[in-house]
$ cat data_37.pdb   # PDB, C-alpha atoms and all ligand atoms
ATOM      1  CA  MET A   1       0.000   0.000   0.000
ATOM      2  CA  SER A   2       1.311   3.351  -1.005
ATOM      3  CA  GLU A   3       0.097   6.826  -0.219
ATOM      4  CA  VAL A   4       0.590  10.139  -2.013
ATOM      5  CA  ILE A   5       0.471  13.135   0.334
ATOM      6  CA  THR A   6       0.562  16.628  -1.139
ATOM      7  CA  ILE A   7       1.583  19.603   0.976
ATOM      8  CA  ALA A   8      -0.466  22.568  -0.184
ATOM      9  CA  ASN A   9      -1.411  26.127   0.656
ATOM     10  CA  GLN A  10      -1.481  28.861  -1.962
ATOM     11  CA  LYS A  11      -0.272  31.314   0.673
ATOM     12  CA  GLY A  12       3.477  31.834   0.381
ATOM     13  CA  GLY A  13       6.054  31.110   3.060
ATOM     14  CA  VAL A  14       3.827  29.118   5.403
ATOM     15  CA  GLY A  15       6.126  26.103   5.764
ATOM     16  CA  LYS A  16       5.090  23.861   2.846
ATOM     17  CA  THR A  17       8.590  23.009   1.676
ATOM     18  CA  THR A  18       9.882  22.713   5.236
ATOM     19  CA  THR A  19       7.063  20.287   5.992
ATOM     20  CA  ALA A  20       7.483  18.303   2.758
ATOM     21  CA  VAL A  21      11.239  17.858   3.254
ATOM     22  CA  ASN A  22      11.221  17.125   6.968
ATOM     23  CA  LEU A  23       8.158  14.899   6.970
ATOM     24  CA  ALA A  24       9.678  12.915   4.088
ATOM     25  CA  ALA A  25      12.962  12.629   5.984
ATOM     26  CA  ALA A  26      11.311  11.635   9.265
ATOM     27  CA  LEU A  27       9.203   8.957   7.546
ATOM     28  CA  ALA A  28      12.327   7.644   5.797
ATOM     29  CA  GLN A  29      14.232   7.558   9.079
ATOM     30  CA  SER A  30      11.451   5.501  10.615
ATOM     31  CA  GLY A  31      12.083   2.853   7.967
ATOM     32  CA  LYS A  32       9.490   3.754   5.341
ATOM     33  CA  LYS A  33      10.490   3.998   1.675
ATOM     34  CA  VAL A  34       9.812   7.593   0.698
ATOM     35  CA  LEU A  35       9.854   9.634  -2.506
ATOM     36  CA  LEU A  36       9.889  13.431  -2.261
ATOM     37  CA  ILE A  37       8.618  15.152  -5.406
ATOM     38  CA  ASP A  38       9.483  18.821  -5.863
ATOM     39  CA  ALA A  39       6.654  20.324  -7.893
ATOM     40  CA  ASP A  40       7.640  23.946  -7.342
ATOM     41  CA  PRO A  41       9.725  25.943  -9.863
ATOM     42  CA  GLN A  42      11.392  27.651  -6.872
ATOM     43  CA  THR A  43      13.174  24.258  -6.350
ATOM     44  CA  ASN A  44      13.445  24.811  -2.596
ATOM     45  CA  ALA A  45      12.788  21.181  -1.712
ATOM     46  CA  THR A  46      15.444  20.064  -4.201
ATOM     47  CA  THR A  47      18.041  22.403  -2.685
ATOM     48  CA  SER A  48      17.005  21.524   0.861
ATOM     49  CA  LEU A  49      18.161  17.945   0.294
ATOM     50  CA  GLY A  50      21.519  19.190  -0.979
ATOM     51  CA  PHE A  51      21.001  18.823  -4.731
ATOM     52  CA  ASN A  52      22.159  21.520  -7.102
ATOM     53  CA  ARG A  53      21.575  22.079 -10.799
ATOM     54  CA  ASN A  54      24.657  20.143 -11.870
ATOM     55  CA  ASP A  55      23.450  17.003 -10.144
ATOM     56  CA  TYR A  56      20.656  16.269 -12.612
ATOM     57  CA  GLU A  57      19.774  16.845 -16.223
ATOM     58  CA  TYR A  58      16.086  16.065 -16.230
ATOM     59  CA  ASN A  59      13.419  16.950 -13.707
ATOM     60  CA  ILE A  60       9.693  16.919 -13.011
ATOM     61  CA  TYR A  61       9.121  19.407 -15.840
ATOM     62  CA  HIS A  62      10.230  16.831 -18.417
ATOM     63  CA  VAL A  63       7.883  14.301 -16.867
ATOM     64  CA  LEU A  64       4.897  16.646 -16.986
ATOM     65  CA  ILE A  65       5.478  17.550 -20.629
ATOM     66  CA  GLY A  66       5.762  13.859 -21.420
ATOM     67  CA  ILE A  67       9.341  13.462 -22.627
ATOM     68  CA  LYS A  68      10.616  11.553 -19.572
ATOM     69  CA  LYS A  69       9.152   8.885 -17.326
ATOM     70  CA  MET A  70       9.045   9.418 -13.582
ATOM     71  CA  SER A  71      11.521   6.559 -13.137
ATOM     72  CA  ASP A  72      14.013   8.447 -15.359
ATOM     73  CA  VAL A  73      14.171  11.453 -13.045
ATOM     74  CA  ILE A  74      14.276   9.812  -9.607
ATOM     75  CA  LEU A  75      17.509  10.516  -7.739
ATOM     76  CA  PRO A  76      18.672   8.619  -4.673
ATOM     77  CA  SER A  77      19.357  11.091  -1.862
ATOM     78  CA  LYS A  78      22.201  10.988   0.678
ATOM     79  CA  PHE A  79      19.663   9.794   3.213
ATOM     80  CA  LYS A  80      18.557   6.221   3.723
ATOM     81  CA  ASN A  81      15.152   5.232   2.257
ATOM     82  CA  LEU A  82      14.697   8.687   0.714
ATOM     83  CA  ASP A  83      14.558   9.350  -3.046
ATOM     84  CA  MET A  84      13.885  12.631  -4.756
ATOM     85  CA  VAL A  85      12.376  13.948  -7.958
ATOM     86  CA  PRO A  86      13.954  17.384  -8.496
ATOM     87  CA  ALA A  87      12.423  20.491 -10.024
ATOM     88  CA  ASN A  88      13.853  23.246 -12.132
ATOM     89  CA  ILE A  89      12.929  26.859 -12.797
ATOM     90  CA  GLY A  90      11.842  25.709 -16.281
ATOM     91  CA  LEU A  91       8.786  24.250 -14.590
ATOM     92  CA  VAL A  92       7.301  27.744 -14.788
ATOM     93  CA  GLY A  93       6.898  27.152 -18.524
ATOM     94  CA  VAL A  94       4.784  24.092 -17.941
ATOM     95  CA  GLU A  95       1.842  26.291 -17.001
ATOM     96  CA  LYS A  96       1.528  27.282 -20.644
ATOM     97  CA  GLU A  97       1.522  23.680 -21.779
ATOM     98  CA  PHE A  98      -1.175  22.866 -19.263
ATOM     99  CA  TYR A  99      -3.350  25.534 -20.753
ATOM    100  CA  ASP A 100      -3.179  23.888 -24.148
ATOM    101  CA  PRO A 101      -6.905  23.272 -24.667
ATOM    102  CA  ASN A 102      -6.132  20.305 -26.911
ATOM    103  CA  LYS A 103      -4.453  18.376 -24.113
ATOM    104  CA  LYS A 104      -6.777  15.965 -22.409
ATOM    105  CA  ASN A 105      -6.732  15.184 -18.690
ATOM    106  CA  ARG A 106      -4.161  17.863 -18.072
ATOM    107  CA  GLU A 107      -5.088  17.898 -14.367
ATOM    108  CA  LEU A 108      -4.051  14.273 -14.013
ATOM    109  CA  LEU A 109      -0.635  14.308 -15.667
ATOM    110  CA  LEU A 110       1.213  13.956 -12.358
ATOM    111  CA  LYS A 111      -1.088  11.182 -11.163
ATOM    112  CA  LYS A 112      -0.475   9.221 -14.356
ATOM    113  CA  ALA A 113       3.272   9.751 -14.124
ATOM    114  CA  ILE A 114       3.361   8.529 -10.522
ATOM    115  CA  LYS A 115       1.287   5.410 -11.153
ATOM    116  CA  PRO A 116       4.046   3.101 -12.499
ATOM    117  CA  ILE A 117       6.353   3.813  -9.535
ATOM    118  CA  LYS A 118       3.751   4.353  -6.831
ATOM    119  CA  GLU A 119       4.003   0.908  -5.249
ATOM    120  CA  ASN A 120       7.796   1.228  -4.878
ATOM    121  CA  TYR A 121       7.217   3.589  -1.965
ATOM    122  CA  HIS A 122       5.259   3.632   1.271
ATOM    123  CA  TYR A 123       4.845   7.386   1.017
ATOM    124  CA  ILE A 124       5.204   9.878  -1.817
ATOM    125  CA  ILE A 125       5.333  13.472  -0.571
ATOM    126  CA  VAL A 126       4.664  16.282  -3.053
ATOM    127  CA  ASP A 127       5.754  19.870  -2.392
ATOM    128  CA  SER A 128       3.588  22.354  -4.294
ATOM    129  CA  PRO A 129       4.014  26.042  -5.201
ATOM    130  CA  PRO A 130       2.270  29.022  -3.555
ATOM    131  CA  ALA A 131      -0.496  29.308  -6.150
ATOM    132  CA  LEU A 132      -3.702  27.525  -7.070
ATOM    133  CA  GLY A 133      -2.516  27.115 -10.667
ATOM    134  CA  PRO A 134      -2.123  23.992 -12.819
ATOM    135  CA  ILE A 135       0.878  22.606 -10.924
ATOM    136  CA  THR A 136      -0.967  22.689  -7.609
ATOM    137  CA  ILE A 137      -4.077  21.246  -9.262
ATOM    138  CA  ASN A 138      -1.929  18.391 -10.617
ATOM    139  CA  SER A 139      -0.344  17.922  -7.191
ATOM    140  CA  LEU A 140      -3.804  17.666  -5.623
ATOM    141  CA  GLY A 141      -5.070  15.534  -8.501
ATOM    142  CA  ALA A 142      -2.315  13.013  -7.785
ATOM    143  CA  ALA A 143      -2.845  12.975  -4.025
ATOM    144  CA  ASP A 144      -4.605  10.533  -1.746
ATOM    145  CA  SER A 145      -4.533  13.236   0.885
ATOM    146  CA  VAL A 146      -3.378  16.751   1.550
ATOM    147  CA  ILE A 147      -1.632  18.377   4.502
ATOM    148  CA  ILE A 148      -2.231  22.109   4.863
ATOM    149  CA  PRO A 149       0.451  23.982   6.795
ATOM    150  CA  ILE A 150      -0.891  27.079   8.538
ATOM    151  CA  GLN A 151       1.593  29.691   9.678
ATOM    152  CA  CYS A 152       0.721  30.872  13.182
ATOM    153  CA  GLU A 153       0.805  34.567  12.274
ATOM    154  CA  PHE A 154      -1.619  37.306  11.365
ATOM    155  CA  PHE A 155      -3.716  36.489   8.260
ATOM    156  CA  ALA A 156      -3.060  32.796   8.855
ATOM    157  CA  LEU A 157      -6.516  31.707   7.778
ATOM    158  CA  GLU A 158      -6.732  34.145   4.898
ATOM    159  CA  GLY A 159      -7.268  32.313   1.621
ATOM    160  CA  LEU A 160      -8.088  29.073   3.396
ATOM    161  CA  ALA A 161     -11.704  29.108   2.245
ATOM    162  CA  GLN A 162     -10.545  29.332  -1.362
ATOM    163  CA  LEU A 163      -8.181  26.388  -0.892
ATOM    164  CA  LEU A 164     -10.887  24.285   0.768
ATOM    165  CA  ASN A 165     -13.260  25.208  -2.034
ATOM    166  CA  THR A 166     -10.717  24.059  -4.628
ATOM    167  CA  ILE A 167     -10.229  20.779  -2.765
ATOM    168  CA  ASN A 168     -14.012  20.236  -2.719
ATOM    169  CA  LEU A 169     -14.265  20.942  -6.441
ATOM    170  CA  LEU A 170     -11.500  18.420  -7.135
ATOM    171  CA  LYS A 171     -13.320  15.862  -4.985
ATOM    172  CA  LYS A 172     -16.427  16.372  -7.077
ATOM    173  CA  SER A 173     -14.528  16.053 -10.342
ATOM    174  CA  ILE A 174     -11.131  14.473 -10.926
ATOM    175  CA  ASN A 175     -10.202  13.124  -7.494
ATOM    176  CA  PRO A 176     -13.190  11.864  -5.472
ATOM    177  CA  LYS A 177     -10.975  10.162  -2.868
ATOM    178  CA  LEU A 178      -8.922  13.232  -1.987
ATOM    179  CA  ALA A 179      -8.923  13.577   1.800
ATOM    180  CA  ILE A 180      -7.701  16.335   4.056
ATOM    181  CA  LYS A 181      -5.128  14.568   6.194
ATOM    182  CA  GLY A 182      -4.831  17.556   8.475
ATOM    183  CA  PHE A 183      -3.950  21.148   9.175
ATOM    184  CA  LEU A 184      -0.479  21.704  10.567
ATOM    185  CA  PRO A 185       0.159  24.830  12.624
ATOM    186  CA  THR A 186       3.711  25.944  11.782
ATOM    187  CA  MET A 187       6.190  28.498  13.182
ATOM    188  CA  TYR A 188       4.339  28.505  16.480
ATOM    189  CA  SER A 189       5.880  30.619  19.209
ATOM    190  CA  SER A 190       4.550  30.138  22.689
ATOM    191  CA  GLN A 191       5.445  33.714  23.742
ATOM    192  CA  ASN A 192       3.354  35.107  20.929
ATOM    193  CA  ASN A 193      -0.328  35.717  21.674
ATOM    194  CA  LEU A 194      -1.073  35.711  17.958
ATOM    195  CA  SER A 195       0.210  32.141  17.690
ATOM    196  CA  LYS A 196      -2.125  31.102  20.490
ATOM    197  CA  GLN A 197      -5.025  32.890  18.818
ATOM    198  CA  VAL A 198      -4.404  31.121  15.482
ATOM    199  CA  LEU A 199      -4.232  27.772  17.229
ATOM    200  CA  GLU A 200      -7.494  28.516  19.074
ATOM    201  CA  ASP A 201      -9.182  29.489  15.803
ATOM    202  CA  LEU A 202      -7.955  26.320  14.121
ATOM    203  CA  SER A 203      -9.072  24.127  17.022
ATOM    204  CA  HIS A 204     -12.458  25.817  16.943
ATOM    205  CA  HIS A 205     -13.060  25.263  13.212
ATOM    206  CA  PHE A 206     -11.141  22.073  12.448
ATOM    207  CA  GLU A 207     -10.625  20.245  15.738
ATOM    208  CA  ASP A 208     -10.867  16.792  14.181
ATOM    209  CA  LYS A 209      -8.381  17.730  11.460
ATOM    210  CA  LEU A 210      -5.458  18.636  13.689
ATOM    211  CA  PHE A 211      -2.699  16.098  14.203
ATOM    212  CA  LEU A 212      -2.193  14.759  17.715
ATOM    213  CA  THR A 213       0.946  13.735  19.572
ATOM    214  CA  LYS A 214       1.148  10.476  21.501
ATOM    215  CA  LYS A 215       0.080  12.436  24.586
ATOM    216  CA  LYS A 216      -3.014  13.522  22.634
ATOM    217  CA  GLU A 217      -1.855  17.121  22.497
ATOM    218  CA  VAL A 218      -2.340  19.132  19.308
ATOM    219  CA  LEU A 219       0.759  18.743  17.183
ATOM    220  CA  ILE A 220       2.377  22.071  16.334
ATOM    221  CA  VAL A 221       5.677  22.857  14.654
ATOM    222  CA  PRO A 222       7.464  25.421  16.824
ATOM    223  CA  ARG A 223       9.390  28.339  15.389
ATOM    224  CA  ASN A 224      12.879  26.876  15.610
ATOM    225  CA  ILE A 225      16.128  28.271  14.288
ATOM    226  CA  LYS A 226      17.511  24.806  13.447
ATOM    227  CA  ILE A 227      14.621  24.294  11.017
ATOM    228  CA  ALA A 228      15.501  27.551   9.253
ATOM    229  CA  GLU A 229      19.231  26.747   9.162
ATOM    230  CA  SER A 230      19.123  23.158   7.955
ATOM    231  CA  PRO A 231      18.377  23.782   4.213
ATOM    232  CA  SER A 232      21.619  25.739   3.819
ATOM    233  CA  TYR A 233      23.450  22.568   4.900
ATOM    234  CA  GLY A 234      21.496  20.499   2.389
ATOM    235  CA  LYS A 235      20.036  18.431   5.198
ATOM    236  CA  PRO A 236      16.617  17.906   6.760
ATOM    237  CA  VAL A 237      16.434  19.138  10.361
ATOM    238  CA  THR A 238      16.069  15.537  11.487
ATOM    239  CA  GLU A 239      19.675  15.014  10.297
ATOM    240  CA  TYR A 240      21.117  18.477  10.891
ATOM    241  CA  ALA A 241      19.908  18.886  14.485
ATOM    242  CA  LYS A 242      18.438  15.583  15.612
ATOM    243  CA  LYS A 243      17.784  16.746  19.156
ATOM    244  CA  SER A 244      16.147  20.052  18.288
ATOM    245  CA  LYS A 245      12.496  20.799  19.019
ATOM    246  CA  GLY A 246      12.015  21.286  15.290
ATOM    247  CA  ALA A 247      13.236  17.771  14.512
ATOM    248  CA  ALA A 248      11.064  16.349  17.304
ATOM    249  CA  ALA A 249       7.964  17.977  15.824
ATOM    250  CA  TYR A 250       8.516  16.399  12.405
ATOM    251  CA  VAL A 251       9.298  13.012  13.953
ATOM    252  CA  ASP A 252       5.985  13.297  15.822
ATOM    253  CA  LEU A 253       4.202  14.248  12.595
ATOM    254  CA  ALA A 254       5.649  11.196  10.832
ATOM    255  CA  LYS A 255       4.475   8.971  13.711
ATOM    256  CA  SER A 256       1.021  10.498  13.574
ATOM    257  CA  ILE A 257       0.822   9.916   9.796
ATOM    258  CA  VAL A 258       1.887   6.272  10.137
ATOM    259  CA  LYS A 259      -0.704   5.796  12.872
ATOM    260  CA  ILE A 260      -3.462   7.271  10.682
ATOM    261  CA  THR A 261      -2.415   4.928   7.835
ATOM    262  CA  ASN A 262      -2.514   1.908  10.158
ATOM    263  CA  ASP A 263      -5.871   2.914  11.681
ATOM    264  CA  ASP A 264      -7.332   3.372   8.188
ATOM    265  CA  LYS A 265      -6.075  -0.073   7.170
ATOM    266  CA  LYS A 266      -7.640  -1.659  10.255
ATOM    267  CA  LEU A 267     -10.937   0.062   9.572
ATOM    268  CA  ALA A 268     -10.917  -1.071   5.937
ATOM    269  CA  LYS A 269     -10.272  -4.663   7.046
ATOM    270  CA  GLU A 270     -13.121  -4.570   9.573
ATOM    271  CA  ARG A 271     -15.456  -3.147   6.968
ATOM    272  CA  ALA A 272     -14.494  -5.883   4.516
ATOM    273  CA  ARG A 273     -15.413  -8.582   7.025
TER     274      ARG A 273
HETATM  275  P1  LIG B   1       6.688  29.045  -0.602
HETATM  276  O1  LIG B   1       5.241  29.405  -0.569
HETATM  277  O2  LIG B   1       7.565  30.176  -1.063
HETATM  278  O3  LIG B   1       6.967  27.763  -1.302
HETATM  279  P2  LIG B   1       6.735  27.567   1.827
HETATM  280  O4  LIG B   1       5.292  27.579   2.196
HETATM  281  O5  LIG B   1       7.285  26.378   1.177
HETATM  282  O6  LIG B   1       7.097  28.853   0.949
HETATM  283  P3  LIG B   1       8.969  27.394   3.595
HETATM  284  O7  LIG B   1       9.940  27.692   2.527
HETATM  285  O8  LIG B   1       8.899  26.011   4.091
HETATM  286  O9  LIG B   1       7.530  27.900   3.184
HETATM  287  O10 LIG B   1       9.228  28.348   4.858
HETATM  288  C1  LIG B   1       9.349  29.757   4.706
HETATM  289  C2  LIG B   1      10.539  30.245   5.532
HETATM  290  O11 LIG B   1      10.287  30.027   6.917
HETATM  291  C3  LIG B   1      11.830  29.511   5.218
HETATM  292  O12 LIG B   1      12.902  30.416   5.312
HETATM  293  C4  LIG B   1      11.923  28.464   6.321
HETATM  294  O13 LIG B   1      13.263  28.103   6.611
HETATM  295  C5  LIG B   1      11.279  29.177   7.475
HETATM  296  N1  LIG B   1      10.613  28.243   8.382
HETATM  297  C6  LIG B   1       9.658  27.345   8.075
HETATM  298  N2  LIG B   1       9.239  26.681   9.162
HETATM  299  C7  LIG B   1       9.957  27.179  10.198
HETATM  300  C8  LIG B   1       9.982  26.929  11.618
HETATM  301  N3  LIG B   1       9.181  26.010  12.158
HETATM  302  N4  LIG B   1      10.846  27.632  12.359
HETATM  303  C9  LIG B   1      11.643  28.567  11.821
HETATM  304  N5  LIG B   1      11.665  28.873  10.520
HETATM  305  C10 LIG B   1      10.829  28.197   9.705
HETATM  306 MG    MG B   2       7.967  26.158  -0.796
END

$ encode --input "data_37.pdb" --output "structure tokens"
Amino acid sequence: MSEVITIANQKGGVGKTTTAVNLAAALAQSGKKVLLIDADPQTNATTSLGFNRNDYEYNIYHVLIGIKKMSDVILPSKFKNLDMVPANIGLVGVEKEFYDPNKKNRELLLKKAIKPIKENYHYIIVDSPPALGPITINSLGAADSVIIPIQCEFFALEGLAQLLNTINLLKKSINPKLAIKGFLPTMYSSQNNLSKQVLEDLSHHFEDKLFLTKKKEVLIVPRNIKIAESPSYGKPVTEYAKKSKGAAAYVDLAKSIVKITNDDKKLAKERAR
């Protein structure tokens, strides 16, 4: 069983890439086979794992325009159990190709490309760009579920209704099974009243869609300098600063995700009986 989880929020700088990279790394560290797909022309996820432009010739762009297969562009990372599909700034150009009215099923190009390799991984994590354009639609079209990082700052919930609306439309059309895995409060600072307010608002509106720790507390990602530093070392925080609070949060998130997967499997089995 394999699961595609897309990290999405059209708001910029909320912790999507940070979550994609560190969740992928934490799942891989726990022994799961993981593929991280960078579907953002900014290529931040690619750089965060220490890849630079000279390390690869082809990338997700070539897959989406149909000249390469997904298996052609997968790179093994320096980290155990973790592979990567890199992006490139050229991905910006793909938006034009998507708008080609003669192309059929252009919202499902990523899903189709993933299909042949999907079962090679326990989890495939997709990092998406800060827009609700064709790349994000493809990233959501390919997903079994979506994680929505919410930055614990002013305007945190701004634009959320539009994102939820888009997800609902996709459920009604190209991806009926798309589930919201959860909302993830990011960059939380306990000294900041605004952070507390955002968390209260989230708990009020989406209580059953927040991740929980083992102690049944709401899982938040704290504002943590090690998280911000780690990409410049080409490492996830779980490798760069294993004992940091930032690393602990992403390890907890990975555990929570694995638990949800296992609970879902159990439920499906019971239902089948
Ligand atoms: P974009 O919309 O541009 O793709 P994003 O949603 O992917 O942005 P990130 O790049 O993950 O957001 O994070 C934005 C910035 O905040 C980065 O500099 C990142 O290092 C920093 N950051 C993210 N999470 C944390 C955290 N928990 N603590 C401290 N800094 C963080
Ligand atoms: Mg990003």

$ closest_residue --input "data_37.pdb" --among "A:Thr46, A:Ser128, A:Leu82, A:Glu119" --to "ligand MG 2 (chain B)" --atoms "all atoms listed in the file"
A:Ser128

$ residues_near_point --input "data_37.pdb" --point "(9.9, 1.2, 4.5)" --cutoff "10 Å" --atoms "only C-alpha atoms" --output "list in words"
Leu27, Ala28, Gln29, Ser30, Gly31, Lys32, Lys33, Val34, Asn81, Leu82, Asn120, Tyr121, His122 and Tyr123 of chain A

$ resolve_selection --input "data_37.pdb" --expression "the PyMOL selection byres (((not hetatm)) within 7 of (chain B and resi 1))" --output "ChimeraX atom specification"
/A:10-19,44,129-130,186-188,221-225,227-229,246

$ closest_residue --input "data_37.pdb" --among "A:Glu3, A:Asp208, A:Asp40, A:Glu217" --to "ligand MG 2 (chain B)" --atoms "all atoms listed in the file"
A:Asp40

$ atom_distance --input "data_37.pdb" --atom1 "atom CA of Asp83 of chain A" --atom2 "atom CA of Leu35 of chain A"
4.7 Å

$ decode --input "data_37.pdb" --residues "segment 18-26 of chain A" --atoms "all heavy atoms" --output "PDB file, in the first residue's frame"
ATOM      1  N   THR A  18       9.301  23.198   3.978  1.00  0.00           N
ATOM      2  CA  THR A  18       9.882  22.713   5.236  1.00  0.00           C
ATOM      3  C   THR A  18       9.165  21.438   5.685  1.00  0.00           C
ATOM      4  O   THR A  18       9.805  20.462   6.104  1.00  0.00           O
ATOM      5  CB  THR A  18       9.736  23.815   6.312  1.00  0.00           C
ATOM      6  OG1 THR A  18      10.396  24.987   5.839  1.00  0.00           O
ATOM      7  CG2 THR A  18      10.319  23.380   7.630  1.00  0.00           C
ATOM      8  N   THR A  19       7.843  21.449   5.567  1.00  0.00           N
ATOM      9  CA  THR A  19       7.063  20.287   5.992  1.00  0.00           C
ATOM     10  C   THR A  19       7.284  19.111   5.039  1.00  0.00           C
ATOM     11  O   THR A  19       7.478  17.970   5.486  1.00  0.00           O
ATOM     12  CB  THR A  19       5.569  20.659   6.071  1.00  0.00           C
ATOM     13  OG1 THR A  19       5.422  21.669   7.078  1.00  0.00           O
ATOM     14  CG2 THR A  19       4.709  19.458   6.416  1.00  0.00           C
ATOM     15  N   ALA A  20       7.294  19.388   3.731  1.00  0.00           N
ATOM     16  CA  ALA A  20       7.483  18.303   2.758  1.00  0.00           C
ATOM     17  C   ALA A  20       8.831  17.607   2.999  1.00  0.00           C
ATOM     18  O   ALA A  20       8.904  16.372   3.110  1.00  0.00           O
ATOM     19  CB  ALA A  20       7.418  18.851   1.335  1.00  0.00           C
ATOM     20  N   VAL A  21       9.880  18.400   3.117  1.00  0.00           N
ATOM     21  CA  VAL A  21      11.239  17.858   3.254  1.00  0.00           C
ATOM     22  C   VAL A  21      11.395  17.101   4.579  1.00  0.00           C
ATOM     23  O   VAL A  21      11.883  15.957   4.611  1.00  0.00           O
ATOM     24  CB  VAL A  21      12.280  19.009   3.177  1.00  0.00           C
ATOM     25  CG1 VAL A  21      13.659  18.541   3.599  1.00  0.00           C
ATOM     26  CG2 VAL A  21      12.306  19.593   1.766  1.00  0.00           C
ATOM     27  N   ASN A  22      10.960  17.729   5.660  1.00  0.00           N
ATOM     28  CA  ASN A  22      11.221  17.125   6.968  1.00  0.00           C
ATOM     29  C   ASN A  22      10.274  15.979   7.305  1.00  0.00           C
ATOM     30  O   ASN A  22      10.672  15.028   7.978  1.00  0.00           O
ATOM     31  CB  ASN A  22      11.220  18.203   8.051  1.00  0.00           C
ATOM     32  CG  ASN A  22      12.397  19.142   7.860  1.00  0.00           C
ATOM     33  OD1 ASN A  22      13.546  18.689   7.809  1.00  0.00           O
ATOM     34  ND2 ASN A  22      12.130  20.421   7.704  1.00  0.00           N
ATOM     35  N   LEU A  23       9.051  16.049   6.799  1.00  0.00           N
ATOM     36  CA  LEU A  23       8.158  14.899   6.970  1.00  0.00           C
ATOM     37  C   LEU A  23       8.697  13.718   6.161  1.00  0.00           C
ATOM     38  O   LEU A  23       8.749  12.585   6.670  1.00  0.00           O
ATOM     39  CB  LEU A  23       6.732  15.250   6.512  1.00  0.00           C
ATOM     40  CG  LEU A  23       5.770  14.069   6.435  1.00  0.00           C
ATOM     41  CD1 LEU A  23       5.580  13.428   7.812  1.00  0.00           C
ATOM     42  CD2 LEU A  23       4.413  14.501   5.861  1.00  0.00           C
ATOM     43  N   ALA A  24       9.117  13.989   4.921  1.00  0.00           N
ATOM     44  CA  ALA A  24       9.678  12.915   4.088  1.00  0.00           C
ATOM     45  C   ALA A  24      10.883  12.282   4.787  1.00  0.00           C
ATOM     46  O   ALA A  24      11.001  11.061   4.875  1.00  0.00           O
ATOM     47  CB  ALA A  24      10.081  13.469   2.717  1.00  0.00           C
ATOM     48  N   ALA A  25      11.757  13.134   5.326  1.00  0.00           N
ATOM     49  CA  ALA A  25      12.962  12.629   5.984  1.00  0.00           C
ATOM     50  C   ALA A  25      12.622  11.832   7.246  1.00  0.00           C
ATOM     51  O   ALA A  25      13.208  10.775   7.495  1.00  0.00           O
ATOM     52  CB  ALA A  25      13.883  13.795   6.337  1.00  0.00           C
ATOM     53  N   ALA A  26      11.668  12.328   8.023  1.00  0.00           N
ATOM     54  CA  ALA A  26      11.311  11.635   9.265  1.00  0.00           C
ATOM     55  C   ALA A  26      10.645  10.289   8.968  1.00  0.00           C
ATOM     56  O   ALA A  26      10.900   9.290   9.651  1.00  0.00           O
ATOM     57  CB  ALA A  26      10.395  12.509  10.116  1.00  0.00           C
TER      58      ALA A  26
END
